[in-house]
>>> print(open('my_file39.pdb').read())   # PDB, C-alpha atoms and all ligand atoms
ATOM      1  CA  MET A   1     -85.246 -14.837 -37.250
ATOM      2  CA  ALA A   2     -86.380 -11.822 -35.302
ATOM      3  CA  MET A   3     -84.391  -9.006 -36.859
ATOM      4  CA  THR A   4     -85.426  -7.712 -40.234
ATOM      5  CA  GLU A   5     -82.914  -8.145 -43.027
ATOM      6  CA  GLU A   6     -82.295  -4.418 -42.926
ATOM      7  CA  GLU A   7     -81.617  -4.501 -39.159
ATOM      8  CA  ARG A   8     -79.188  -7.405 -39.545
ATOM      9  CA  PHE A   9     -77.372  -5.646 -42.391
ATOM     10  CA  ARG A  10     -77.202  -2.400 -40.405
ATOM     11  CA  PHE A  11     -76.006  -3.985 -37.155
ATOM     12  CA  ASP A  12     -73.318  -5.980 -38.941
ATOM     13  CA  LEU A  13     -72.131  -3.008 -40.990
ATOM     14  CA  ALA A  14     -72.214  -0.324 -38.310
ATOM     15  CA  GLY A  15     -71.942  -2.259 -35.017
ATOM     16  CA  PHE A  16     -75.044  -0.660 -33.523
ATOM     17  CA  LEU A  17     -78.795  -0.640 -34.111
ATOM     18  CA  VAL A  18     -81.695   1.528 -32.934
ATOM     19  CA  ARG A  19     -85.160   0.076 -32.329
ATOM     20  CA  PRO A  20     -87.270   3.221 -31.934
ATOM     21  CA  ALA A  21     -90.047   3.630 -29.363
ATOM     22  CA  ILE A  22     -90.344   0.085 -28.048
ATOM     23  CA  LEU A  23     -91.645   1.417 -24.707
ATOM     24  CA  SER A  24     -95.038   3.017 -24.105
ATOM     25  CA  LYS A  25     -95.325   6.586 -22.866
ATOM     26  CA  THR A  26     -96.457   5.292 -19.460
ATOM     27  CA  GLU A  27     -93.453   2.954 -19.208
ATOM     28  CA  VAL A  28     -91.103   5.845 -20.068
ATOM     29  CA  GLU A  29     -92.735   8.035 -17.405
ATOM     30  CA  GLU A  30     -92.704   5.354 -14.710
ATOM     31  CA  ILE A  31     -89.089   4.344 -15.319
ATOM     32  CA  SER A  32     -87.918   7.996 -15.499
ATOM     33  CA  ASP A  33     -89.673   8.694 -12.195
ATOM     34  CA  GLN A  34     -87.950   5.662 -10.642
ATOM     35  CA  ILE A  35     -84.512   6.842 -11.830
ATOM     36  CA  ASP A  36     -85.176  10.340 -10.496
ATOM     37  CA  ARG A  37     -85.913   8.797  -7.086
ATOM     38  CA  VAL A  38     -82.984   6.338  -7.237
ATOM     39  CA  LYS A  39     -80.611   9.244  -7.905
ATOM     40  CA  HIS A  40     -82.175  11.960  -5.731
ATOM     41  CA  LYS A  41     -84.491  10.528  -3.052
ATOM     42  CA  PRO A  42     -84.013   6.747  -2.731
ATOM     43  CA  GLU A  43     -85.816   6.605   0.605
ATOM     44  CA  SER A  44     -89.058   7.419  -1.239
ATOM     45  CA  LEU A  45     -88.822   3.938  -2.821
ATOM     46  CA  PRO A  46     -89.158   0.511  -1.192
ATOM     47  CA  PRO A  47     -85.700  -1.172  -0.878
ATOM     48  CA  GLU A  48     -86.399  -3.588  -3.760
ATOM     49  CA  HIS A  49     -86.950  -0.649  -6.154
ATOM     50  CA  ARG A  50     -83.941   1.450  -5.095
ATOM     51  CA  ASP A  51     -81.844   0.489  -8.070
ATOM     52  CA  VAL A  52     -82.212  -0.881 -11.576
ATOM     53  CA  PRO A  53     -83.351  -3.465 -12.648
ATOM     54  CA  GLY A  54     -85.973  -3.478  -9.856
ATOM     55  CA  GLY A  55     -89.403  -1.854  -9.839
ATOM     56  CA  ALA A  56     -90.644  -0.129 -13.003
ATOM     57  CA  SER A  57     -87.331  -0.774 -14.791
ATOM     58  CA  SER A  58     -87.722  -4.558 -14.470
ATOM     59  CA  VAL A  59     -89.837  -4.509 -17.639
ATOM     60  CA  LEU A  60     -86.572  -3.956 -19.547
ATOM     61  CA  ILE A  61     -84.803  -7.134 -18.371
ATOM     62  CA  ASP A  62     -86.688  -9.399 -20.764
ATOM     63  CA  HIS A  63     -88.472  -6.978 -23.072
ATOM     64  CA  PRO A  64     -89.582  -9.075 -26.070
ATOM     65  CA  GLN A  65     -88.255  -6.554 -28.628
ATOM     66  CA  VAL A  66     -84.847  -6.682 -26.951
ATOM     67  CA  VAL A  67     -84.589 -10.369 -26.179
ATOM     68  CA  ASP A  68     -85.421 -11.395 -29.744
ATOM     69  CA  VAL A  69     -82.474  -9.372 -31.089
ATOM     70  CA  LEU A  70     -80.148 -10.705 -28.365
ATOM     71  CA  HIS A  71     -81.093 -14.306 -29.074
ATOM     72  CA  GLU A  72     -80.231 -13.751 -32.694
ATOM     73  CA  ILE A  73     -76.890 -12.016 -32.157
ATOM     74  CA  ILE A  74     -75.639 -13.726 -28.956
ATOM     75  CA  GLY A  75     -77.514 -17.053 -28.841
ATOM     76  CA  PRO A  76     -80.479 -18.700 -27.132
ATOM     77  CA  ASP A  77     -78.905 -18.674 -23.639
ATOM     78  CA  ILE A  78     -78.120 -15.195 -22.367
ATOM     79  CA  ARG A  79     -77.383 -13.483 -19.059
ATOM     80  CA  LEU A  80     -77.811  -9.890 -17.984
ATOM     81  CA  GLU A  81     -74.508  -9.171 -16.369
ATOM     82  CA  GLY A  82     -74.524  -5.467 -15.742
ATOM     83  CA  CYS A  83     -77.147  -2.739 -15.282
ATOM     84  CA  GLY A  84     -76.905   0.940 -14.521
ATOM     85  CA  CYS A  85     -78.876   4.140 -14.908
ATOM     86  CA  ILE A  86     -77.797   7.662 -15.794
ATOM     87  CA  TRP A  87     -79.184  11.114 -15.106
ATOM     88  CA  ARG A  88     -76.753  13.176 -17.160
ATOM     89  CA  LYS A  89     -76.866  16.953 -16.897
ATOM     90  CA  ARG A  90     -75.578  19.404 -19.498
ATOM     91  CA  GLY A  91     -71.772  19.300 -19.571
ATOM     92  CA  GLU A  92     -71.522  15.872 -17.922
ATOM     93  CA  ALA A  93     -69.989  12.987 -19.868
ATOM     94  CA  HIS A  94     -69.278   9.277 -19.560
ATOM     95  CA  GLY A  95     -65.946   9.679 -21.256
ATOM     96  CA  GLY A  96     -63.913   9.504 -24.448
ATOM     97  CA  LEU A  97     -63.759   6.929 -27.210
ATOM     98  CA  HIS A  98     -62.836   3.449 -26.024
ATOM     99  CA  GLY A  99     -62.960  -0.110 -27.423
ATOM    100  CA  GLY A 100     -62.820  -1.161 -31.040
ATOM    101  CA  GLY A 101     -60.222  -2.933 -33.076
ATOM    102  CA  PRO A 102     -58.450  -6.202 -32.430
ATOM    103  CA  GLY A 103     -60.442  -7.031 -29.285
ATOM    104  CA  GLN A 104     -62.583  -8.972 -31.720
ATOM    105  CA  GLY A 105     -60.292 -11.936 -31.093
ATOM    106  CA  ASP A 106     -61.474 -11.985 -27.481
ATOM    107  CA  PRO A 107     -64.252 -14.511 -26.813
ATOM    108  CA  ILE A 108     -65.970 -12.248 -24.287
ATOM    109  CA  PHE A 109     -66.133  -9.107 -26.436
ATOM    110  CA  GLY A 110     -65.459 -10.329 -29.959
ATOM    111  CA  TYR A 111     -67.764 -10.041 -32.944
ATOM    112  CA  ARG A 112     -67.907 -12.757 -35.594
ATOM    113  CA  VAL A 113     -70.228 -13.877 -38.375
ATOM    114  CA  HIS A 114     -70.220 -17.522 -39.381
ATOM    115  CA  ASN A 115     -72.567 -19.523 -41.623
ATOM    116  CA  GLY A 116     -74.891 -16.553 -41.916
ATOM    117  CA  ARG A 117     -75.168 -16.099 -38.142
ATOM    118  CA  ILE A 118     -73.888 -13.275 -35.975
ATOM    119  CA  HIS A 119     -71.995 -14.349 -32.845
ATOM    120  CA  ALA A 120     -71.510 -11.219 -30.765
ATOM    121  CA  GLY A 121     -69.802 -11.269 -27.377
ATOM    122  CA  MET A 122     -71.120  -8.783 -24.857
ATOM    123  CA  VAL A 123     -73.918  -6.584 -26.206
ATOM    124  CA  ARG A 124     -74.977  -3.392 -24.513
ATOM    125  CA  VAL A 125     -78.506  -2.073 -24.727
ATOM    126  CA  ILE A 126     -79.205   1.576 -23.968
ATOM    127  CA  PHE A 127     -82.799   2.408 -23.134
ATOM    128  CA  GLU A 128     -83.170   6.123 -23.854
ATOM    129  CA  LEU A 129     -85.892   7.735 -21.730
ATOM    130  CA  THR A 130     -85.363  11.192 -23.257
ATOM    131  CA  ASP A 131     -85.914  12.287 -26.862
ATOM    132  CA  ILE A 132     -82.499  12.288 -28.538
ATOM    133  CA  ALA A 133     -81.381  14.639 -31.336
ATOM    134  CA  PHE A 134     -77.902  14.486 -32.904
ATOM    135  CA  GLU A 135     -76.873  17.807 -31.410
ATOM    136  CA  ASP A 136     -77.686  16.582 -27.873
ATOM    137  CA  GLN A 137     -74.598  14.308 -28.043
ATOM    138  CA  SER A 138     -75.811  10.939 -26.886
ATOM    139  CA  THR A 139     -73.623   7.839 -27.200
ATOM    140  CA  HIS A 140     -71.317   7.944 -30.250
ATOM    141  CA  PHE A 141     -69.819   5.119 -32.291
ATOM    142  CA  VAL A 142     -67.001   4.705 -34.801
ATOM    143  CA  ILE A 143     -68.907   2.659 -37.337
ATOM    144  CA  GLY A 144     -67.281  -0.589 -38.410
ATOM    145  CA  SER A 145     -64.687  -0.491 -35.601
ATOM    146  CA  HIS A 146     -66.246  -3.577 -33.946
ATOM    147  CA  LYS A 147     -64.571  -5.685 -36.639
ATOM    148  CA  ALA A 148     -61.464  -3.597 -37.270
ATOM    149  CA  ASN A 149     -58.256  -5.635 -37.526
ATOM    150  CA  PHE A 150     -55.895  -2.876 -36.452
ATOM    151  CA  ALA A 151     -55.789  -0.832 -33.267
ATOM    152  CA  MET A 152     -57.820   2.386 -33.296
ATOM    153  CA  HIS A 153     -55.697   5.003 -35.027
ATOM    154  CA  PRO A 154     -55.220   8.242 -33.009
ATOM    155  CA  ASP A 155     -56.574  10.263 -35.961
ATOM    156  CA  HIS A 156     -59.950   8.612 -35.284
ATOM    157  CA  THR A 157     -60.230   8.857 -31.492
ATOM    158  CA  SER A 158     -61.004  12.521 -30.862
ATOM    159  CA  LEU A 159     -64.350  13.970 -29.778
ATOM    160  CA  GLU A 160     -63.160  17.547 -30.370
ATOM    161  CA  ASP A 161     -65.113  19.593 -32.897
ATOM    162  CA  GLY A 162     -63.178  19.747 -36.149
ATOM    163  CA  ASN A 163     -61.049  16.736 -35.169
ATOM    164  CA  ARG A 164     -63.713  14.062 -35.262
ATOM    165  CA  SER A 165     -63.336  10.933 -37.370
ATOM    166  CA  GLN A 166     -65.462  10.872 -40.501
ATOM    167  CA  PHE A 167     -66.664   7.465 -39.213
ATOM    168  CA  LEU A 168     -67.880   8.825 -35.850
ATOM    169  CA  THR A 169     -71.650   8.910 -35.673
ATOM    170  CA  SER A 170     -74.609   8.789 -33.327
ATOM    171  CA  TYR A 171     -78.399   8.500 -33.550
ATOM    172  CA  GLU A 172     -81.662  10.360 -33.118
ATOM    173  CA  CYS A 173     -84.639   8.642 -31.499
ATOM    174  CA  PRO A 174     -87.753   9.265 -29.445
ATOM    175  CA  ALA A 175     -87.842   8.495 -25.710
ATOM    176  CA  GLY A 176     -88.487   4.786 -25.146
ATOM    177  CA  SER A 177     -86.060   3.534 -27.817
ATOM    178  CA  ALA A 178     -83.467   0.775 -27.447
ATOM    179  CA  ILE A 179     -79.960   1.053 -28.904
ATOM    180  CA  PHE A 180     -77.992  -2.183 -29.233
ATOM    181  CA  PHE A 181     -74.242  -2.142 -29.662
ATOM    182  CA  THR A 182     -71.500  -4.705 -29.540
ATOM    183  CA  GLU A 183     -69.065  -3.983 -26.750
ATOM    184  CA  ASN A 184     -66.332  -4.393 -29.308
ATOM    185  CA  ILE A 185     -67.253  -1.180 -31.126
ATOM    186  CA  CYS A 186     -65.266   1.979 -30.378
ATOM    187  CA  HIS A 187     -67.743   4.244 -28.565
ATOM    188  CA  ALA A 188     -68.002   7.238 -26.243
ATOM    189  CA  GLY A 189     -70.417   9.098 -23.999
ATOM    190  CA  PRO A 190     -69.615  12.751 -24.863
ATOM    191  CA  GLU A 191     -70.653  15.870 -22.967
ATOM    192  CA  TRP A 192     -74.432  16.141 -22.895
ATOM    193  CA  GLN A 193     -75.577  19.348 -24.631
ATOM    194  CA  LYS A 194     -79.222  19.781 -23.622
ATOM    195  CA  ASP A 195     -80.694  21.632 -20.637
ATOM    196  CA  THR A 196     -82.974  18.732 -19.738
ATOM    197  CA  PRO A 197     -81.005  15.732 -18.430
ATOM    198  CA  ARG A 198     -80.349  12.567 -20.414
ATOM    199  CA  VAL A 199     -82.119   9.808 -18.528
ATOM    200  CA  ALA A 200     -81.214   6.300 -19.624
ATOM    201  CA  ILE A 201     -80.641   2.729 -18.506
ATOM    202  CA  LEU A 202     -77.750   0.652 -19.792
ATOM    203  CA  HIS A 203     -77.753  -3.139 -19.734
ATOM    204  CA  ALA A 204     -74.901  -5.492 -20.657
ATOM    205  CA  TYR A 205     -75.977  -8.919 -21.933
ATOM    206  CA  SER A 206     -73.688 -11.827 -22.664
ATOM    207  CA  HIS A 207     -73.618 -15.514 -23.488
ATOM    208  CA  LEU A 208     -74.658 -17.698 -20.546
ATOM    209  CA  ALA A 209     -71.188 -19.260 -20.472
ATOM    210  CA  THR A 210     -69.269 -16.018 -20.022
ATOM    211  CA  HIS A 211     -68.894 -13.740 -17.066
ATOM    212  CA  TRP A 212     -67.123 -10.388 -17.114
ATOM    213  CA  HIS A 213     -68.689  -8.053 -14.570
ATOM    214  CA  ARG A 214     -69.350  -9.058 -11.009
ATOM    215  CA  LEU A 215     -72.826  -7.796 -10.201
ATOM    216  CA  LYS A 216     -73.279  -4.648  -8.152
ATOM    217  CA  ILE A 217     -77.053  -4.924  -7.861
ATOM    218  CA  PRO A 218     -78.230  -4.679  -4.243
ATOM    219  CA  PRO A 219     -79.440  -8.106  -3.014
ATOM    220  CA  ALA A 220     -82.860  -6.687  -2.042
ATOM    221  CA  VAL A 221     -83.405  -5.542  -5.640
ATOM    222  CA  LEU A 222     -82.574  -8.959  -7.088
ATOM    223  CA  ALA A 223     -84.610 -10.733  -4.417
ATOM    224  CA  GLY A 224     -87.629  -8.577  -5.318
ATOM    225  CA  LEU A 225     -87.697  -9.759  -8.942
ATOM    226  CA  PRO A 226     -89.958 -12.566 -10.118
ATOM    227  CA  ARG A 227     -88.159 -15.850 -10.768
ATOM    228  CA  GLU A 228     -88.479 -15.486 -14.593
ATOM    229  CA  LYS A 229     -86.497 -12.240 -14.401
ATOM    230  CA  GLN A 230     -84.029 -13.592 -11.826
ATOM    231  CA  ALA A 231     -83.255 -16.261 -14.437
ATOM    232  CA  TYR A 232     -81.240 -13.605 -16.321
ATOM    233  CA  PHE A 233     -78.870 -13.547 -13.333
ATOM    234  CA  ARG A 234     -78.402 -17.287 -12.997
ATOM    235  CA  GLU A 235     -74.913 -18.723 -12.603
ATOM    236  CA  PRO A 236     -72.728 -18.722 -15.745
ATOM    237  CA  TRP A 237     -72.482 -22.355 -16.806
ATOM    238  CA  ILE A 238     -74.035 -24.509 -19.517
ATOM    239  CA  ALA A 239     -73.888 -28.147 -18.440
ATOM    240  CA  ASP A 240     -73.290 -30.019 -15.190
ATOM    241  CA  PHE A 241     -71.789 -33.458 -15.808
ATOM    242  CA  ARG A 242     -71.817 -34.352 -12.127
ATOM    243  CA  THR A 243     -75.326 -35.630 -12.811
ATOM    244  CA  SER A 244     -76.260 -38.320 -15.286
ATOM    245  CA  PRO A 245     -77.694 -37.350 -17.659
ATOM    246  CA  ALA A 246     -75.961 -33.957 -17.592
ATOM    247  CA  THR A 247     -78.007 -31.049 -16.243
ATOM    248  CA  HIS A 248     -78.379 -28.080 -18.567
ATOM    249  CA  ASN A 249     -78.589 -24.606 -17.093
ATOM    250  CA  THR A 250     -81.742 -23.566 -18.915
ATOM    251  CA  ALA A 251     -83.965 -20.716 -17.791
ATOM    252  CA  GLU A 252     -86.809 -23.242 -17.341
ATOM    253  CA  ARG A 253     -84.745 -25.357 -14.933
ATOM    254  CA  PHE A 254     -83.777 -22.272 -12.939
ATOM    255  CA  ILE A 255     -87.378 -21.043 -12.763
ATOM    256  CA  ASN A 256     -88.639 -24.436 -11.566
ATOM    257  CA  ASN A 257     -85.877 -24.927  -9.026
ATOM    258  CA  ASP A 258     -86.150 -22.459  -6.131
ATOM    259  CA  GLU A 259     -82.913 -23.715  -4.629
ATOM    260  CA  ASP A 260     -80.858 -22.668  -7.629
ATOM    261  CA  PRO A 261     -78.592 -19.792  -6.620
ATOM    262  CA  ILE A 262     -78.339 -16.489  -8.416
ATOM    263  CA  ASP A 263     -74.970 -15.153  -9.359
ATOM    264  CA  THR A 264     -74.896 -12.678  -6.493
ATOM    265  CA  ASP A 265     -75.532 -15.001  -3.630
ATOM    266  CA  THR A 266     -72.103 -14.028  -2.360
ATOM    267  CA  PHE A 267     -72.829 -10.276  -2.657
ATOM    268  CA  PRO A 268     -71.922  -8.663   0.704
TER     269      PRO A 268
HETATM  270  O1  LIG B 301     -72.805   6.867 -21.370
HETATM  271  C1  LIG B 301     -72.640   6.728 -22.593
HETATM  272  O2  LIG B 301     -73.190   7.453 -23.413
HETATM  273  C2  LIG B 301     -71.756   5.612 -23.077
HETATM  274  C3  LIG B 301     -71.678   4.489 -22.097
HETATM  275  C4  LIG B 301     -70.561   3.531 -22.345
HETATM  276  O3  LIG B 301     -69.515   3.851 -22.792
HETATM  277  C5  LIG B 301     -70.758   2.119 -22.002
HETATM  278  O4  LIG B 301     -71.840   1.765 -21.559
HETATM  279  O5  LIG B 301     -69.847   1.286 -22.168
HETATM  280 FE    FE B 302     -68.210   1.972 -22.844
END
>>> encode(input="my_file39.pdb", output="C-alpha cells", more="lines below")
Ligand SMILES: O=C(O)CCC(=O)C(=O)O
Ligand SMILES: [Fe+2]
Amino acid sequence: MAMTEEERFRFDLAGFLVRPAILSKTEVEEISDQIDRVKHKPESLPPEHRDVPGGASSVLIDHPQVVDVLHEIIGPDIRLEGCGCIWRKRGEAHGGLHGGGPGQGDPIFGYRVHNGRIHAGMVRVIFELTDIAFEDQSTHFVIGSHKANFAMHPDHTSLEDGNRSQFLTSYECPAGSAIFFTENICHAGPEWQKDTPRVAILHAYSHLATHWHRLKIPPAVLAGLPREKQAYFREPWIADFRTSPATHNTAERFINNDEDPIDTDTFP
C-alpha cells in the first residue's frame, strides 16, 4: 500500500490529506508561468499548452505521488475527468460550503470503507503553487462530513468570522504540495486574503466506470499529450463483451491501440 498508516488514518478521519512539496521548485515555477499565460496572455503559448493539463502542467496528470494515493483510495483503474486552474486575487472566492452528508450513498461521490480498504468516489486533488498559511484562507473542509449520515446542519455551514463551525479547518503547506479530498466532504473556497494571488490547479479523478463531468479541455490540448497521459481520458467502461474473450479497458490496451477514442472525441 502506498499511503502510510498515518496518511490513511488521517484521510479516513478528516476526509482530506496534504502531501507537502511533491513538486520541485522548477516544476512550480514552470507551471505557475503557464497558468499566468493561460489566464493573461494565451497567445504567448502554443495551442496545445493554452489550458491545463497541457504543457508544463501535464506532469501532474500521472504524478507518482498522486497516482499511488488514488489507486489506494479509488482503485487500480482511474480517469481524470475534470481539470481547471485558478489565479485567485485577494477578495476573490470560489464560494461557500457545499457537499457533505448523505451524498455518501451516491456511487459517484460516496465514501466507504470495506474490508480494510477505502472506496472513495470522486477525489479532487489541489496542486497549490503558492505557499499557503492558515490566514490566507485556502480551501476549507468540515472534517468528518464526508461520512456524515445527516444533512449538513445550518449551524455548521457559515464562513463568517465568529460563526464558523468548530469542525471547519484548512491547511498550511509550501508551494508544490498536493491536497487530496473526497468530493463528498463539505468544503469551500473562501475569500483569498493575501496580496499575492493563489495559483493552483484542481483535478477531479474518479473510477474508470463512472463519468460525471463532460470534459471542457480544448481538443488541441488533449491531442498534444503523450498517449500514456491521454490514457487518463479514455472512455468510461471496464469490459467489452462484444468480443470473445471480453476486452478490458486497461491503460495498456489504450496506449497500444492508436484507434481507441478519447472521451472528448465529440468535443465541438
Ligand atoms: O477553490 C477552492 O478553494 C475550492 C474549490 C472547490 O470547491 C472544488 O474544487 O470543488
Ligand atoms: Fe467544490
>>> closest_atom_pairs(input="my_file39.pdb", of="chain A", to="ligand FE 302 (chain B)", cutoff="8 Å", atoms="only C-alpha atoms and all ligand atoms", output="JSON lines")
{"residue": "A:Leu97", "atom": "CA", "partner": "B:FE302", "partner_atom": "FE", "distance": 8.0}
{"residue": "A:His98", "atom": "CA", "partner": "B:FE302", "partner_atom": "FE", "distance": 6.4}
{"residue": "A:Gly99", "atom": "CA", "partner": "B:FE302", "partner_atom": "FE", "distance": 7.3}
{"residue": "A:Glu183", "atom": "CA", "partner": "B:FE302", "partner_atom": "FE", "distance": 7.2}
{"residue": "A:His187", "atom": "CA", "partner": "B:FE302", "partner_atom": "FE", "distance": 6.2}
{"residue": "A:Ala188", "atom": "CA", "partner": "B:FE302", "partner_atom": "FE", "distance": 6.3}
{"residue": "A:Gly189", "atom": "CA", "partner": "B:FE302", "partner_atom": "FE", "distance": 7.5}
>>> resolve_selection(input="my_file39.pdb", expression="the PyMOL selection byres (((chain A and resi 62) around 10) and not hetatm)", output="list of chain:residue names")
A:Ser58, A:Val59, A:Leu60, A:Ile61, A:His63, A:Pro64, A:Gln65, A:Val66, A:Val67, A:Asp68, A:Leu80, A:Glu228, A:Lys229, A:Ala231, A:Tyr232
>>> residues_near_ligand(input="my_file39.pdb", ligand="ligand LIG 301 (chain B)", cutoff="9 Å", atoms="only C-alpha atoms and all ligand atoms", output="list of chain:residue names")
A:Gly84, A:Ile86, A:Arg88, A:Ala93, A:His94, A:Gly95, A:Gly96, A:Leu97, A:His98, A:Gly99, A:Arg124, A:Val125, A:Ile126, A:Gln137, A:Ser138, A:Thr139, A:His140, A:Glu183, A:Cys186, A:His187, A:Ala188, A:Gly189, A:Pro190, A:Glu191, A:Trp192, A:Ala200, A:Leu202, A:His203, A:Ala204
>>> closest_residue(input="my_file39.pdb", among="A:Lys147, A:Val52, A:Val221, A:Arg164", to="Gly15 (chain A)", atoms="all atoms listed in the file")
A:Lys147
>>> closest_residue(input="my_file39.pdb", among="A:Gly121, A:Pro236, A:Pro174, A:Gly75", to="Leu23 (chain A)", atoms="all atoms listed in the file")
A:Pro174
>>> resolve_selection(input="my_file39.pdb", expression="the PyMOL selection byres (((chain A and resi 173) around 7) and not hetatm)", output="list in words")
Pro20, Asp131, Ile132, Ala133, Tyr171, Glu172, Pro174, Ala175 and Ser177 of chain A
